[in-house]
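See structure below.
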Amino acid sequence: MSEVLTERTPRVAAARKLLRRAAREDTGRFLVEGVRPAYDAVARAEATPGAVVDLFVTEAVADRERDLLIRARAADIRTALVTEKAVATLTDTVHPQGLVLVCRRDESEPAAALAHARLVAVLAGVADPGNAGTVIRTADAAGADAVLLTGDAVDPYNPKCVRASMGSLFHLPVLRERSVEAALGALRAARLAVVVADGEGETELGPATDELLARPTAWVLGSEAHGVPDDLAAAADARVRVPIRGRAESLNLATAAAVCLYASVRAQGR
């Protein structure tokens, strides 16, 4: 790593294109910024060779994170020193952390990834990358088996979504199926109860839902602005509302996801 790459170096320029969704779709690659997520990415590469393609790091961060670089090289990840300016071009944050990786997306098919799932979070039409990333992190914390994005949902490999997931993107399958009908078909094929979180749901989350949630379950959550699409809500096995005892109008998406997923954890005795 004696050569220090600049923002004009072809490898850096190619990586910079991944800030755009079209480039991520074309190449099947995405960017990860920061030291903590980098450890998760390298751990994925240790288990799945080729999961990480490049690691770009400034000299200051390289001096502090020598163990990370040793592990990266052992996992056959190309590592390169870059200038502060170069690393700044690879991120959309105001204060770059001095380390960016180029990773390959998880291309798991929903049918295969859901085959033995007992708990899944489904994001239907959730367009906000921060919300989506936080739900991925929440699902990971709850021990969910997968997260499935459907409809007009955000790209889970959007840099803001990746940051919000705090490395959880590497801990469980994050699946995409634009067609709501196909997504429902995959959930049904996996014999998952499809439960919609809906503020107007007929059943209140609590003792009345314990029997339902003891089954393998897919919780469907919609955007804060529009909720779950009507066709998906109509096809669900149940529409469940989270009780609000105070005067708040509603819960934000990540909080609602946490309440619902952990209700399933309790009911399943996980």
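So you can find residues: chains in the structure tokens are A, B, ... in the order shown, residues in each start at 1, and ligands are numbered from 1 in order.
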
Closest pair table for stretch 67-150 of chain A residues within 12 Å of stretch 197-211 of chain A, only C-alpha atoms, as a tab-separated table:
residue	atom	partner	partner_atom	distance
A:Ala121	CA	A:Ala197	CA	10.6
A:Val122	CA	A:Ala197	CA	10.3
A:Leu123	CA	A:Ala197	CA	10.7
A:Ala124	CA	A:Ala197	CA	11.0

| request: List the neighbours of A:Ile77 out to 6 Å using only C-alpha atoms; skip same-chain residues closer than 2 positions along the sequence, and give me the result as a PyMOL selection string. | output: chain A and resi 53-54+72-73+75

Which residues of stretch 150-245 of chain A come within 12 Å of stretch 112-116 of chain A, and what is each one's closest atom pair and distance in Å (one decimal), counting only C-alpha atoms, sorted by chain and residue number, as a Markdown table?
| residue | atom | partner | partner_atom | distance |
| --- | --- | --- | --- | --- |
| A:Leu172 | CA | A:Ala113 | CA | 9.6 |
| A:Pro173 | CA | A:Ala113 | CA | 7.0 |
| A:Val174 | CA | A:Ala113 | CA | 9.2 |
| A:Leu175 | CA | A:Ala113 | CA | 8.2 |
| A:Arg176 | CA | A:Ala113 | CA | 11.1 |
| A:Ala183 | CA | A:Leu114 | CA | 10.7 |
| A:Leu184 | CA | A:Leu114 | CA | 11.6 |
| A:Gly185 | CA | A:Leu114 | CA | 11.1 |
| A:Ala186 | CA | A:Leu114 | CA | 7.5 |
| A:Leu187 | CA | A:Leu114 | CA | 7.2 |
| A:Arg188 | CA | A:Leu114 | CA | 9.9 |
| A:Ala189 | CA | A:Ala115 | CA | 7.8 |
| A:Ala190 | CA | A:Ala115 | CA | 5.1 |
| A:Arg191 | CA | A:Ala115 | CA | 8.5 |
| A:Leu192 | CA | A:Leu114 | CA | 8.9 |
| A:Pro216 | CA | A:His116 | CA | 9.1 |
| A:Thr217 | CA | A:Leu114 | CA | 10.9 |
| A:Ala218 | CA | A:Leu114 | CA | 10.0 |

| field | DSSP helix (DSSP H, G or I) selection over stretch 29-204 of chain A, as a PyMOL selection string | value | chain A and resi 35-47+59-64+66-74+84-88+110-113+129-141+159-165+168-170+180-189

Within 10 Å of stretch 91-97 of chain A, counting only C-alpha atoms, which residues qualify if same-chain residues fewer than 2 places away don't, as a CSV table (one decimal) with C-alpha atoms, in the first residue's frame?
chain,number,residue,atom,x,y,z
A,16,ARG,CA,-17.4,7.2,-6.7
A,18,LEU,CA,-21.6,3.9,-6.7
A,19,LEU,CA,-23.1,6.9,-4.9
A,31,LEU,CA,-20.3,1.7,-0.7
A,32,VAL,CA,-19.8,1.3,3.1
A,33,GLU,CA,-18.3,4.1,5.2
A,34,GLY,CA,-16.9,3.9,8.7
A,35,VAL,CA,-14.8,1.7,10.9
A,57,VAL,CA,-8.4,4.2,3.8
A,58,THR,CA,-6.5,7.3,4.8
A,61,VAL,CA,-7.1,5.6,10.0
A,84,GLU,CA,-8.3,12.8,2.5
A,85,LYS,CA,-9.8,14.5,-0.6
A,86,ALA,CA,-10.2,11.2,-2.3
A,87,VAL,CA,-12.1,9.5,0.5
A,88,ALA,CA,-14.3,12.6,0.8
A,89,THR,CA,-15.5,12.1,-2.8
A,99,LEU,CA,-12.5,4.6,5.4
A,100,VAL,CA,-14.7,3.4,2.6
A,159,PRO,CA,-25.4,5.2,1.5
A,160,LYS,CA,-27.7,6.7,4.1

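Atom CA of A:Pro243 is found 17.1 Å from atom CA of A:Gly222.
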
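Distances here use only C-alpha atoms; by that measure, the residue among A:Val102, A:Ala139, A:Leu55, A:Ile70 closest to A:Lys17 is A:Val102.
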
| Quick one: DSSP strand (DSSP E) residues in stretch 10-184 of chain A, as a ChimeraX atom specification? | /A:29-33,52-57,78-82,99-104,119-124,146-150,174-177

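Distances to A:Ala144 were evaluated for A:Met166, A:Ala258, A:Val42, A:Val242 using only C-alpha atoms, and the minimum falls at A:Ala258.
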
| Counting only C-alpha atoms, what is within 6 Å of A:Thr150, bar same-chain residues fewer than 4 positions away, as a list in words? | Ala124, Glu177, Arg178 and Val180 of chain A

Export of prior selection with all heavy atoms as a short mmCIF file (atom, residue, chain, number, x, y, z; two decimals), in the first residue's frame:
data_model
loop_
_atom_site.label_atom_id
_atom_site.label_comp_id
_atom_site.auth_asym_id
_atom_site.auth_seq_id
_atom_site.Cartn_x
_atom_site.Cartn_y
_atom_site.Cartn_z
N ALA A 124 -42.93 -2.10 3.07
CA ALA A 124 -43.74 -1.91 1.87
C ALA A 124 -43.79 -0.45 1.49
O ALA A 124 -44.43 0.36 2.18
CB ALA A 124 -45.16 -2.44 2.12
N GLU A 177 -38.00 -7.31 -3.60
CA GLU A 177 -38.95 -7.82 -4.58
C GLU A 177 -39.93 -6.69 -4.86
O GLU A 177 -40.80 -6.40 -4.04
CB GLU A 177 -39.67 -9.06 -4.05
CG GLU A 177 -40.76 -9.59 -4.97
CD GLU A 177 -40.29 -9.78 -6.41
OE1 GLU A 177 -39.52 -10.71 -6.65
OE2 GLU A 177 -40.69 -8.95 -7.28
N ARG A 178 -39.75 -6.05 -6.00
CA ARG A 178 -40.58 -4.87 -6.31
C ARG A 178 -42.06 -5.23 -6.40
O ARG A 178 -42.92 -4.49 -5.93
CB ARG A 178 -40.12 -4.23 -7.62
CG ARG A 178 -40.89 -2.97 -7.97
CD ARG A 178 -40.32 -2.29 -9.20
NE ARG A 178 -41.11 -1.13 -9.57
CZ ARG A 178 -40.98 0.07 -9.01
NH1 ARG A 178 -40.08 0.24 -8.07
NH2 ARG A 178 -41.73 1.09 -9.39
N VAL A 180 -45.38 -6.49 -5.35
CA VAL A 180 -46.05 -6.84 -4.10
C VAL A 180 -46.66 -8.23 -4.19
O VAL A 180 -46.62 -9.02 -3.24
CB VAL A 180 -47.12 -5.78 -3.75
CG1 VAL A 180 -47.97 -6.23 -2.56
CG2 VAL A 180 -46.46 -4.44 -3.45
#

| remark: note - atom CA of A:Val147 and atom CA of A:Pro110 are separated by 9.7 Å
